[in-house]
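Peer 1: Sharing structure_32.cif (mmCIF, C-alpha atoms) below.
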data_entry
#
loop_
_atom_site.label_atom_id
_atom_site.label_comp_id
_atom_site.auth_asym_id
_atom_site.auth_seq_id
_atom_site.Cartn_x
_atom_site.Cartn_y
_atom_site.Cartn_z
CA MET A 142 80.19 104.89 99.30
CA VAL A 143 81.74 106.33 102.44
CA VAL A 144 82.07 104.34 105.67
CA TYR A 145 83.64 105.05 109.05
CA GLU A 146 85.61 102.51 111.07
CA LEU A 147 85.74 103.15 114.82
CA TYR A 148 88.78 101.93 116.76
CA ILE A 149 89.88 102.38 120.35
CA HIS A 150 93.56 102.28 121.18
CA ASP A 151 94.41 99.67 123.80
CA GLY A 152 97.40 100.97 125.73
CA ILE A 153 98.09 97.60 127.32
CA LYS A 154 98.13 95.61 124.07
CA LYS A 155 99.63 98.59 122.19
CA GLU A 156 97.23 98.14 119.29
CA ASP A 157 93.98 99.51 117.89
CA GLU A 158 90.83 97.44 118.38
CA LEU A 159 87.97 97.66 115.87
CA ILE A 160 84.71 98.55 117.62
CA GLY A 161 82.29 99.22 114.78
CA ILE A 162 81.64 100.30 111.20
CA LEU A 163 79.13 102.96 110.14
CA PRO A 164 78.06 103.58 106.53
CA GLU A 165 77.55 107.28 105.76
CA ARG A 166 73.93 107.96 104.83
CA ARG A 167 73.75 111.74 104.92
CA LYS A 168 73.12 113.18 101.47
CA ASP A 169 74.33 116.69 102.37
CA PRO A 170 78.14 116.62 102.70
CA ASN A 171 78.04 119.94 104.59
CA ARG A 172 76.49 118.09 107.55
CA ILE A 173 79.46 115.70 107.76
CA THR A 174 81.92 117.27 110.19
CA LYS A 175 84.77 115.95 112.29
CA GLU A 176 82.71 116.65 115.41
CA SER A 177 79.63 114.79 114.12
CA VAL A 178 81.74 111.72 113.35
CA LEU A 179 83.44 111.86 116.78
CA ASN A 180 80.02 112.19 118.44
CA TRP A 181 78.98 108.92 116.79
CA GLY A 182 82.13 107.27 118.13
CA ARG A 183 81.53 108.54 121.65
CA THR A 184 77.90 107.37 121.49
CA VAL A 185 78.91 103.84 120.47
CA LEU A 186 81.27 103.42 123.42
CA CYS A 187 79.94 102.64 126.86
CA ASP A 188 80.49 105.08 129.73
CA GLY A 189 83.43 103.12 131.13
CA ALA A 190 85.50 103.28 127.94
CA ASN A 191 88.34 105.76 127.54
CA LYS A 192 86.89 108.13 124.98
CA ASN A 193 90.20 109.96 124.68
CA ASN A 194 91.70 107.12 122.65
CA LEU A 195 89.21 107.04 119.76
CA ILE A 196 90.42 106.58 116.22
CA ILE A 197 88.01 106.93 113.33
CA LYS A 198 89.00 106.15 109.76
CA GLN A 199 86.90 107.50 106.93
CA LEU A 200 87.06 105.09 104.01
CA ARG A 201 85.76 105.43 100.48
CA ILE A 202 84.65 102.28 98.69
CA ASP A 203 84.61 102.57 94.90
CA ASP A 204 81.17 101.45 93.70
CA THR A 205 82.59 99.98 90.50
CA THR A 206 85.77 98.20 91.61
CA ASN A 207 85.02 97.78 95.35
CA GLN A 208 88.51 99.07 96.11
CA ILE A 209 88.86 100.68 99.54
CA PHE A 210 90.70 103.97 100.05
CA GLU A 211 91.47 105.58 103.41
CA VAL A 212 90.41 109.22 103.10
CA ILE A 213 91.08 110.64 106.56
CA ARG A 214 91.99 109.50 110.05
CA ILE A 215 90.50 111.29 113.07
CA SER A 216 92.00 110.73 116.50
CA THR A 217 91.03 112.05 119.93
CA SER A 218 94.29 111.07 121.59
CA SER A 219 96.50 113.94 122.63
#
Take the structure I supplied and represent it as structure tokens, if you would.

Peer 2:
Amino acid sequence: MVVYELYIHDGIKKEDELIGILPERRKDPNRITKESVLNWGRTVLCDGANKNNLIIKQLRIDDTTNQIFEVIRISTSS
């Protein structure tokens, strides 16, 4: 199973704050792009949030052992 964790970096606290978790449900892996994942993150945040500090971690959860592996990290910060 693949899930995405959405974080926003808080410059004042100097840490990342977990905003939400999304399980991947698309069956066609060709539809899963960096841009589509970032669009989900931008949609989750309200208009007042700084969307330039998004961090999304793609995690894979092993169905047998339930171990969690970080696959990729996507960031919008410059």

Peer 1: Between A:Glu211, A:Asn194, A:Asp204, A:Asn180, single out the one closest to Gly152 of chain A, counting only C-alpha atoms.

Peer 2: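 Among the listed residues, the smallest separation from Gly152 of chain A belongs to A:Asn194.
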
Peer 1: May I ask for the distance between atom CA of Leu195 of chain A and atom CA of Tyr148 of chain A, given in Å to one decimal place?

Peer 2: 5.9 Å

Peer 1: Please measure the separation of atom CA of Leu179 of chain A and atom CA of Asp203 of chain A, giving the value in Å to one decimal.

Peer 2: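 Computing it gives 23.8 Å between the two atoms.
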
Peer 1: Give me, please, the distance in Å between atom CA of Thr205 of chain A and atom CA of Glu158 of chain A, quoted to one decimal.

Peer 2: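 Distance between the two atoms: 29.2 Å.
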
Peer 1: Pick out the closest residue to Lys175 of chain A from this set: A:His150, A:Met142, A:Ile197, A:Val212. Count only C-alpha atoms.

Peer 2: A:Ile197

Peer 1: Pull out every residue that the PyMOL selection byres ((chain A and resi 214) around 6) matches in the shown coordinates and put them as an mmCIF file with C-alpha atoms, in the frame of the given file.

Peer 2:
data_model
loop_
_atom_site.group_PDB
_atom_site.id
_atom_site.type_symbol
_atom_site.label_atom_id
_atom_site.label_comp_id
_atom_site.auth_asym_id
_atom_site.auth_seq_id
_atom_site.Cartn_x
_atom_site.Cartn_y
_atom_site.Cartn_z
ATOM 1 C CA ILE A 197 88.010 106.930 113.330
ATOM 2 C CA LYS A 198 89.000 106.150 109.760
ATOM 3 C CA ILE A 213 91.080 110.640 106.560
ATOM 4 C CA ILE A 215 90.500 111.290 113.070
#

Peer 1: Can you list, as an mmCIF file with C-alpha atoms, in the coordinates of the input, every protein, DNA or RNA residue that comes within 9 Å of Trp181 of chain A when you count only C-alpha atoms, leaving out same-chain residues fewer than 5 positions away?

Peer 2:
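The new file selection37.cif reads:
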data_model
loop_
_atom_site.group_PDB
_atom_site.id
_atom_site.type_symbol
_atom_site.label_atom_id
_atom_site.label_comp_id
_atom_site.auth_asym_id
_atom_site.auth_seq_id
_atom_site.Cartn_x
_atom_site.Cartn_y
_atom_site.Cartn_z
ATOM 1 C CA LEU A 163 79.130 102.960 110.140
ATOM 2 C CA GLU A 176 82.710 116.650 115.410
ATOM 3 C CA LEU A 186 81.270 103.420 123.420
#

Peer 1: Anything within 12 Å of (78.9, 97.7, 103.2): list those residues as a list of chain:residue names, counting only C-alpha atoms and sticking to the file's coordinates.

Peer 2: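 Residues with an atom close enough to that point: A:Met142, A:Val143, A:Val144, A:Tyr145, A:Glu146, A:Ile162, A:Leu163, A:Pro164, A:Glu165, A:Arg166, A:Leu200, A:Arg201, A:Ile202, A:Asp203, A:Asp204, A:Asn207, A:Ile209.
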
Peer 1: Give the answer as one residue: which of A:Arg183, A:Ile196, A:Asp169, A:Phe210 has the shortest atom-to-atom distance to Asp157 of chain A, using all atoms listed in the file?

Peer 2: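 The shortest atom-to-atom distance to Asp157 of chain A comes from A:Ile196.
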
Peer 1: Would you save chain A to a file, keeping C-alpha atoms, as a short mmCIF file (atom, residue, chain, number, x, y, z; two decimals), in the first residue's frame?

Peer 2:
data_model
loop_
_atom_site.label_atom_id
_atom_site.label_comp_id
_atom_site.auth_asym_id
_atom_site.auth_seq_id
_atom_site.Cartn_x
_atom_site.Cartn_y
_atom_site.Cartn_z
CA MET A 142 0.00 0.00 0.00
CA VAL A 143 1.22 3.49 -0.81
CA VAL A 144 0.28 6.54 1.28
CA TYR A 145 1.26 10.20 1.17
CA GLU A 146 1.94 12.32 4.24
CA LEU A 147 1.48 16.07 3.78
CA TYR A 148 3.56 18.43 5.91
CA ILE A 149 3.97 22.19 5.92
CA HIS A 150 7.22 23.69 7.15
CA ASP A 151 6.72 26.17 9.96
CA GLY A 152 9.49 28.75 9.68
CA ILE A 153 8.83 30.13 13.15
CA LYS A 154 8.96 26.78 14.96
CA LYS A 155 11.62 25.50 12.52
CA GLU A 156 9.84 22.16 12.14
CA ASP A 157 7.49 20.31 9.82
CA GLU A 158 3.85 20.00 10.86
CA LEU A 159 1.76 17.03 9.71
CA ILE A 160 -1.39 18.20 7.93
CA GLY A 161 -2.88 15.03 6.49
CA ILE A 162 -2.43 11.50 5.15
CA LEU A 163 -3.79 10.23 1.83
CA PRO A 164 -3.86 6.55 0.82
CA GLU A 165 -3.11 6.03 -2.89
CA ARG A 166 -6.10 4.50 -4.65
CA ARG A 167 -5.20 4.89 -8.30
CA LYS A 168 -4.67 1.52 -9.96
CA ASP A 169 -2.70 2.94 -12.92
CA PRO A 170 0.77 3.99 -11.70
CA ASN A 171 1.24 6.11 -14.84
CA ARG A 172 -1.35 8.55 -13.46
CA ILE A 173 0.69 9.10 -10.28
CA THR A 174 2.95 12.08 -10.96
CA LYS A 175 4.79 14.56 -8.79
CA GLU A 176 2.42 17.28 -9.99
CA SER A 177 -0.73 15.27 -9.18
CA VAL A 178 0.51 14.64 -5.64
CA LEU A 179 1.43 18.32 -5.16
CA ASN A 180 -2.01 19.34 -6.45
CA TRP A 181 -3.58 17.23 -3.70
CA GLY A 182 -1.39 18.99 -1.13
CA ARG A 183 -2.32 22.43 -2.43
CA THR A 184 -6.01 21.49 -2.41
CA VAL A 185 -5.88 20.36 1.23
CA LEU A 186 -4.41 23.66 2.43
CA CYS A 187 -6.59 26.71 2.86
CA ASP A 188 -5.96 29.83 0.79
CA GLY A 189 -4.07 31.58 3.59
CA ALA A 190 -1.43 28.86 3.96
CA ASN A 191 2.02 29.23 2.44
CA LYS A 192 1.89 26.66 -0.33
CA ASN A 193 5.57 27.17 -1.09
CA ASN A 194 6.57 25.20 2.02
CA LEU A 195 4.82 21.90 1.26
CA ILE A 196 6.56 18.62 1.96
CA ILE A 197 4.99 15.38 0.81
CA LYS A 198 6.44 12.00 1.75
CA GLN A 199 5.45 8.96 -0.25
CA LEU A 200 5.50 5.92 2.02
CA ARG A 201 5.12 2.25 1.19
CA ILE A 202 3.54 0.01 3.82
CA ASP A 203 4.37 -3.67 3.42
CA ASP A 204 1.08 -5.60 3.42
CA THR A 205 2.65 -8.60 5.15
CA THR A 206 4.88 -7.06 7.84
CA ASN A 207 3.27 -3.59 8.12
CA GLN A 208 6.76 -2.07 7.96
CA ILE A 209 6.85 1.49 6.63
CA PHE A 210 9.40 2.63 4.07
CA GLU A 211 9.89 6.21 2.85
CA VAL A 212 10.01 6.03 -0.94
CA ILE A 213 10.34 9.67 -2.00
CA ARG A 214 10.14 13.15 -0.53
CA ILE A 215 8.64 15.98 -2.60
CA SER A 216 9.16 19.57 -1.52
CA THR A 217 7.93 22.86 -2.97
CA SER A 218 10.35 25.01 -1.00
CA SER A 219 13.03 26.70 -3.04
#
